[in-house]
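Here is work-v5.cif, consisting of mmCIF, C-alpha atoms:
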data_upload
loop_
_atom_site.label_atom_id
_atom_site.label_comp_id
_atom_site.auth_asym_id
_atom_site.auth_seq_id
_atom_site.Cartn_x
_atom_site.Cartn_y
_atom_site.Cartn_z
CA MET A 429 0.00 0.00 0.00
CA TRP A 430 2.77 2.45 0.84
CA GLU A 431 4.17 2.11 -2.71
CA GLN A 432 0.94 3.51 -4.16
CA GLN A 433 0.97 6.26 -1.55
CA ALA A 434 4.56 7.18 -2.42
CA ALA A 435 3.86 7.13 -6.16
CA PHE A 436 0.80 9.29 -5.64
CA SER A 437 2.74 11.81 -3.56
CA VAL A 438 5.46 12.17 -6.18
CA LEU A 439 2.88 12.50 -8.97
CA ALA A 440 0.76 15.00 -7.07
CA LEU A 441 3.81 17.14 -6.28
CA ALA A 442 4.97 17.08 -9.91
CA MET A 443 1.50 17.82 -11.26
CA GLY A 444 0.84 20.63 -8.80
CA SER A 445 4.11 22.43 -9.49
CA ALA A 446 3.77 21.91 -13.26
CA ALA A 447 0.20 23.27 -13.16
CA LEU A 448 1.51 26.38 -11.42
CA GLY A 449 4.17 26.53 -14.14
CA VAL A 450 1.46 26.49 -16.84
CA VAL A 451 -0.27 29.53 -15.40
CA ARG A 452 2.83 31.40 -14.17
CA SER A 453 5.43 30.79 -16.89
CA ARG A 454 6.81 33.86 -18.68
CA ASN A 455 7.44 31.80 -21.81
CA VAL A 456 4.59 30.35 -23.88
CA VAL A 457 6.50 27.28 -25.06
CA HIS A 458 7.56 26.51 -21.49
CA ALA A 459 3.90 26.71 -20.49
CA ALA A 460 3.06 24.10 -23.17
CA LEU A 461 5.85 21.84 -21.91
CA PHE A 462 4.61 22.21 -18.30
CA LEU A 463 1.19 21.21 -19.62
CA VAL A 464 2.78 18.00 -20.98
CA VAL A 465 4.02 17.21 -17.45
CA VAL A 466 0.50 17.70 -16.02
CA LEU A 467 -1.09 15.54 -18.72
CA ALA A 468 1.49 12.76 -18.31
CA GLY A 469 0.96 12.91 -14.55
CA ALA A 470 -2.78 12.51 -15.08
CA ALA A 471 -2.10 9.46 -17.26
CA ALA A 472 0.09 8.02 -14.48
CA ILE A 473 -2.72 8.65 -11.97
CA TYR A 474 -5.08 6.68 -14.25
CA ILE A 475 -2.56 3.82 -14.31
CA LEU A 476 -2.42 4.02 -10.51
CA LEU A 477 -6.22 3.67 -10.48
CA ALA A 478 -5.95 0.70 -12.90
CA ALA A 479 -7.72 2.56 -15.71
CA GLU A 480 -5.25 1.46 -18.37
CA PHE A 481 -7.32 2.19 -21.48
CA THR A 482 -8.16 5.71 -20.31
CA ALA A 483 -4.49 6.27 -19.50
CA TRP A 484 -3.33 5.36 -22.99
CA VAL A 485 -6.08 7.40 -24.61
CA GLN A 486 -4.89 10.31 -22.48
CA VAL A 487 -1.32 9.84 -23.71
CA LEU A 488 -2.35 9.45 -27.37
CA ILE A 489 -4.91 12.26 -27.61
CA TYR A 490 -3.68 14.81 -25.09
CA ILE A 491 0.08 14.51 -25.29
CA GLY A 492 0.09 13.31 -28.89
CA ALA A 493 -2.49 15.57 -30.49
CA VAL A 494 -3.66 18.42 -28.25
CA VAL A 495 -0.18 19.58 -27.21
CA ILE A 496 0.98 19.49 -30.84
CA LEU A 497 -2.05 21.64 -31.73
CA PHE A 498 -1.04 24.06 -28.98
CA LEU A 499 2.50 24.25 -30.31
CA PHE A 500 1.13 24.95 -33.80
CA GLY A 501 -1.10 27.64 -32.32
CA ILE A 502 1.89 29.21 -30.55
CA MET A 503 3.93 29.21 -33.74
CA LEU A 504 1.12 30.56 -35.95
CA THR A 505 0.27 33.42 -33.59
CA ARG A 506 3.96 34.30 -33.11
CA ALA A 507 3.53 34.37 -29.37
CA PRO A 508 6.31 36.12 -27.42
CA MET A 509 9.03 33.59 -26.60
CA ARG A 510 11.17 35.47 -24.10
CA GLY A 511 8.72 37.51 -22.12
CA GLU A 512 9.10 40.70 -24.12
CA SER A 513 5.39 41.39 -23.78
CA ARG A 514 3.07 40.86 -20.85
CA LEU A 515 1.26 37.53 -20.81
CA ASP A 516 -0.89 38.36 -17.78
CA ASN A 517 -3.56 41.01 -17.54
CA ASP A 518 -4.09 43.26 -14.55
CA GLN A 519 -6.76 41.12 -12.87
CA ARG A 520 -4.07 38.90 -11.36
CA TRP A 521 -4.87 39.52 -7.69
CA GLY A 522 -8.59 39.20 -8.29
CA ALA A 523 -7.92 35.88 -10.02
CA VAL A 524 -5.81 34.70 -7.04
CA VAL A 525 -8.65 35.57 -4.66
CA VAL A 526 -11.29 33.82 -6.79
CA SER A 527 -9.27 30.64 -7.28
CA LEU A 528 -8.25 30.41 -3.60
CA PHE A 529 -11.90 30.93 -2.61
CA VAL A 530 -13.07 28.15 -4.97
CA LEU A 531 -10.27 25.90 -3.71
CA GLY A 532 -11.26 26.50 -0.10
CA VAL A 533 -14.94 25.81 -0.76
CA LEU A 534 -14.17 22.65 -2.75
CA VAL A 535 -11.73 21.24 -0.18
CA ALA A 536 -14.12 21.94 2.70
CA LEU A 537 -16.98 20.28 0.80
CA LEU A 538 -14.87 17.25 -0.19
CA VAL A 539 -13.53 16.69 3.32
CA ASP A 540 -17.06 16.96 4.66
CA ALA A 541 -18.59 14.65 2.05
CA PHE A 542 -15.93 11.98 1.45
CA GLY A 543 -13.62 12.20 4.47
CA GLY A 544 -12.27 8.81 5.54
CA GLN A 545 -13.61 6.85 2.56
CA ASP A 546 -11.08 4.57 0.90
CA ILE A 547 -10.60 3.25 -2.62
CA HIS A 548 -10.06 -0.50 -2.38
CA PHE A 549 -7.44 -1.82 -4.76
CA GLY A 550 -7.53 -5.38 -5.95
CA HIS A 551 -8.40 -7.76 -8.78
CA GLU A 552 -11.85 -6.28 -9.11
CA LEU A 553 -10.39 -2.86 -9.89
CA VAL A 554 -7.90 -4.29 -12.40
CA ASN A 555 -10.69 -6.17 -14.20
CA LEU A 556 -12.83 -3.05 -14.23
CA GLY A 557 -10.31 -1.01 -16.22
CA ARG A 558 -9.57 -3.63 -18.87
CA THR A 559 -9.97 -2.43 -22.44
CA GLY A 560 -12.56 -5.10 -23.22
CA ASN A 561 -14.69 -4.03 -20.31
CA VAL A 562 -14.51 -0.34 -21.26
CA GLY A 563 -15.29 -1.18 -24.89
CA LEU A 564 -18.32 -3.25 -23.92
CA SER A 565 -19.62 -0.35 -21.86
CA ILE A 566 -19.09 2.13 -24.71
CA PHE A 567 -20.76 -0.02 -27.35
CA ARG A 568 -23.63 -1.32 -25.21
CA THR A 569 -24.67 1.19 -22.56
CA TYR A 570 -23.28 4.34 -24.15
CA VAL A 571 -23.64 3.64 -27.87
CA VAL A 572 -25.95 6.63 -28.54
CA PRO A 573 -23.64 9.17 -26.81
CA PHE A 574 -20.76 7.58 -28.73
CA GLU A 575 -22.47 8.29 -32.06
CA VAL A 576 -23.38 11.80 -30.93
CA VAL A 577 -19.72 12.43 -30.06
CA SER A 578 -18.68 11.31 -33.54
CA MET A 579 -21.12 13.84 -35.03
CA LEU A 580 -19.67 16.48 -32.70
CA LEU A 581 -16.14 15.68 -33.88
CA LEU A 582 -17.26 16.03 -37.50
CA ALA A 583 -18.91 19.38 -36.74
CA ALA A 584 -15.79 20.59 -34.91
CA LEU A 585 -13.59 19.50 -37.84
CA VAL A 586 -15.72 21.34 -40.39
CA GLY A 587 -16.04 24.36 -38.09
CA ALA A 588 -12.29 24.61 -37.52
CA VAL A 589 -11.59 24.39 -41.27
CA VAL A 590 -14.21 27.06 -42.05
CA LEU A 591 -12.92 29.38 -39.33
CA ALA A 592 -9.22 29.07 -40.09
CA ARG A 593 -9.49 29.12 -43.89
CA LYS A 594 -7.92 32.11 -45.62
CA ASP A 595 -10.42 33.65 -48.00
CA MET B 387 -5.78 4.99 -0.42
CA GLU B 388 -8.24 7.67 0.49
CA LEU B 389 -10.59 8.92 -2.21
CA ASN B 390 -10.08 12.47 -0.98
CA GLU B 391 -6.42 12.58 -1.99
CA PHE B 392 -7.40 12.29 -5.66
CA LEU B 393 -10.31 14.70 -5.31
CA ILE B 394 -8.21 17.37 -3.60
CA LEU B 395 -5.46 17.05 -6.24
CA ALA B 396 -8.16 17.53 -8.89
CA ALA B 397 -9.60 20.52 -7.00
CA PHE B 398 -6.13 22.09 -6.91
CA LEU B 399 -5.66 21.60 -10.66
CA PHE B 400 -9.13 23.01 -11.30
CA CYS B 401 -8.42 26.15 -9.28
CA THR B 402 -5.08 26.62 -11.03
CA GLY B 403 -7.03 26.48 -14.27
CA ILE B 404 -9.49 29.09 -13.01
CA TYR B 405 -6.57 31.35 -12.14
CA GLY B 406 -5.07 30.87 -15.59
CA VAL B 407 -8.34 31.60 -17.41
CA LEU B 408 -8.84 34.80 -15.41
CA ALA B 409 -5.27 36.11 -15.37
CA ARG B 410 -3.82 35.24 -18.78
CA ARG B 411 -4.09 37.55 -21.78
CA ASN B 412 -2.80 35.28 -24.52
CA GLY B 413 -5.59 33.20 -26.10
CA VAL B 414 -3.45 30.05 -26.41
CA LEU B 415 -2.58 30.21 -22.70
CA VAL B 416 -6.26 30.62 -21.77
CA LEU B 417 -7.02 27.45 -23.77
CA MET B 418 -4.20 25.63 -21.92
CA SER B 419 -5.78 26.64 -18.59
CA VAL B 420 -9.13 25.27 -19.82
CA GLU B 421 -7.33 21.98 -20.53
CA LEU B 422 -6.06 21.95 -16.93
CA MET B 423 -9.66 22.25 -15.69
CA LEU B 424 -10.89 19.48 -18.01
CA ASN B 425 -8.09 17.23 -16.76
CA ALA B 426 -9.10 17.86 -13.17
CA VAL B 427 -12.62 16.71 -14.04
CA ASN B 428 -11.22 13.58 -15.70
CA ILE B 429 -9.20 12.70 -12.59
CA ASN B 430 -12.39 13.04 -10.54
CA LEU B 431 -14.32 10.80 -12.94
CA VAL B 432 -11.69 8.05 -12.92
CA ALA B 433 -11.28 8.26 -9.13
CA PHE B 434 -15.02 7.86 -8.63
CA SER B 435 -15.03 5.04 -11.16
CA ALA B 436 -12.47 3.21 -9.00
CA PHE B 437 -14.34 4.14 -5.83
CA THR B 438 -17.75 2.84 -6.94
CA LYS B 439 -16.31 -0.05 -9.02
CA ASN B 440 -18.35 1.12 -11.99
CA VAL B 441 -16.84 1.52 -15.45
CA SER B 442 -19.13 4.40 -16.44
CA GLY B 443 -16.77 6.97 -14.95
CA GLN B 444 -13.98 5.88 -17.28
CA VAL B 445 -16.29 6.00 -20.29
CA PHE B 446 -17.29 9.54 -19.35
CA ALA B 447 -13.61 10.46 -19.00
CA LEU B 448 -13.11 9.20 -22.57
CA PHE B 449 -16.00 11.35 -23.77
CA VAL B 450 -14.53 14.39 -21.99
CA ILE B 451 -11.15 13.74 -23.65
CA THR B 452 -12.83 13.60 -27.08
CA ILE B 453 -14.77 16.80 -26.48
CA ALA B 454 -11.62 18.52 -25.18
CA ALA B 455 -9.85 17.66 -28.43
CA ALA B 456 -12.72 19.12 -30.47
CA GLU B 457 -12.77 22.21 -28.24
CA VAL B 458 -9.04 22.82 -28.73
CA GLY B 459 -9.42 22.53 -32.50
CA VAL B 460 -12.21 25.09 -32.70
CA GLY B 461 -10.68 27.30 -29.99
CA LEU B 462 -7.32 27.52 -31.74
CA ALA B 463 -9.08 28.31 -35.03
CA ILE B 464 -10.83 31.21 -33.27
CA VAL B 465 -7.54 32.43 -31.74
CA LEU B 466 -5.93 32.28 -35.20
CA LEU B 467 -8.81 34.32 -36.61
CA ILE B 468 -8.39 36.92 -33.84
CA TYR B 469 -4.66 37.04 -34.54
CA ARG B 470 -5.28 37.49 -38.25
CA ASN B 471 -7.72 40.35 -37.69
CA LEU B 472 -6.00 42.18 -34.81
CA ARG B 473 -2.33 41.17 -35.35
CA SER B 474 -2.22 40.02 -31.73
CA PRO B 475 -3.41 36.93 -29.83
CA ASP B 476 -4.30 38.99 -26.75
CA LEU B 477 -7.89 38.55 -25.65
CA ASP B 478 -7.91 41.98 -23.96
CA GLU B 479 -7.93 43.65 -27.35
CA ILE B 480 -11.32 42.21 -28.33
CA ASP B 481 -13.29 45.10 -26.89
CA GLN B 482 -15.20 46.34 -29.89
CA LEU B 483 -18.56 45.84 -28.22
CA LYS B 484 -17.47 48.22 -25.47
CA GLY B 485 -18.82 51.26 -27.34
#

What is this structure when it is put down as structure tokens?
Amino acid sequence: MWEQQAAFSVLALAMGSAALGVVRSRNVVHAALFLVVVLAGAAAIYILLAAEFTAWVQVLIYIGAVVILFLFGIMLTRAPMRGESRLDNDQRWGAVVVSLFVLGVLVALLVDAFGGQDIHFGHELVNLGRTGNVGLSIFRTYVVPFEVVSMLLLAALVGAVVLARKD
Amino acid sequence: MELNEFLILAAFLFCTGIYGVLARRNGVLVLMSVELMLNAVNINLVAFSAFTKNVSGQVFALFVITIAAAEVGVGLAIVLLIYRNLRSPDLDEIDQLKG
């Protein structure tokens, strides 16, 4: 049990500091690379929770596709690379207050609602996250949302092409 | 392990994302902060999936990942359009409805 605890502590520390790096970095490309650390940490958390299929989808789609899209966006908008222009606006202290307030409310609520409840690891959990099991759930219980999501992806594809096309 | 450890990590990531959305000017960085918030939600979904021993949480996490990918595609197209029209990716400069 302590191995999982230790792995979780390392991951949580890395993800927390990298998330702060995403929102505090003076350099846009560094922010994208910090985002990679957060996304990879999330994939490792999924592995820790025995959700292997979700973890690999996270690696493929987020780290493989979304981050590359971000890097393309950074290059195409010629974002400042060395902090020569301000990346933050002047609502910074208001934003700190709002996010600390939300964090406080959420933590108080979570401790009140789920304090002392444990996740039990074991064979049941490993079987739950198997790809076959997830696939059965997608194509039996959630087949209609699955088709709706495919329509959404098509609409997003067409919309992105229409928006970004040079006339 | 306690369920709350995962939930509080996700709450921290979510609040970092809120800070980023509110405090960043660059459109690409705002989209990155939105991704942080979506990831926090995914961690919650997978943690609850493991807690209740029900696979639905993982399936919903997959749906959220798909929708996040679509959102980034359209969002970056919009940021590119703003950059093309205003020569700057800063969201503070879109104030033409201000009068």

- Can you list, as a PyMOL selection string, the residues that the PyMOL selection byres ((chain A and resi 470) around 9) selects here? (chain A and resi 439+443+465-469+471-475+483+486) or (chain B and resi 425-426+428-429)

- Message: Please check the contacts: residues of chain A at most 6 Å away from chain B, using all atoms listed in the file, listed as a PyMOL selection string.
- Response: chain A and resi 451+515-517+519-520+523+527+531+545-547+581+584+588+591-592

- Item | Separation of CA of Val589 in chain A from CA of Ala459 in chain A in Å |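 CA of Val589 in chain A lies at a distance of 26.0 Å from CA of Ala459 in chain A.
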
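For the pair CA of Val554 in chain A and CA of Ala479 in chain A, the interatomic distance is 7.6 Å.
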
- Item | Interatomic distance (Å, one decimal) between CA of Val535 in chain A and CA of Leu431 in chain B |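 Separating CA of Val535 in chain A from CA of Leu431 in chain B is a distance of 16.7 Å.
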
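When the distance limit is 8 Å and only C-alpha atoms are what count, the residues near range 436-438 of chain A, minus those fewer than 4 positions from it on the same chain, are Gln432, Ala442, Ile473 and Leu476 of chain A.
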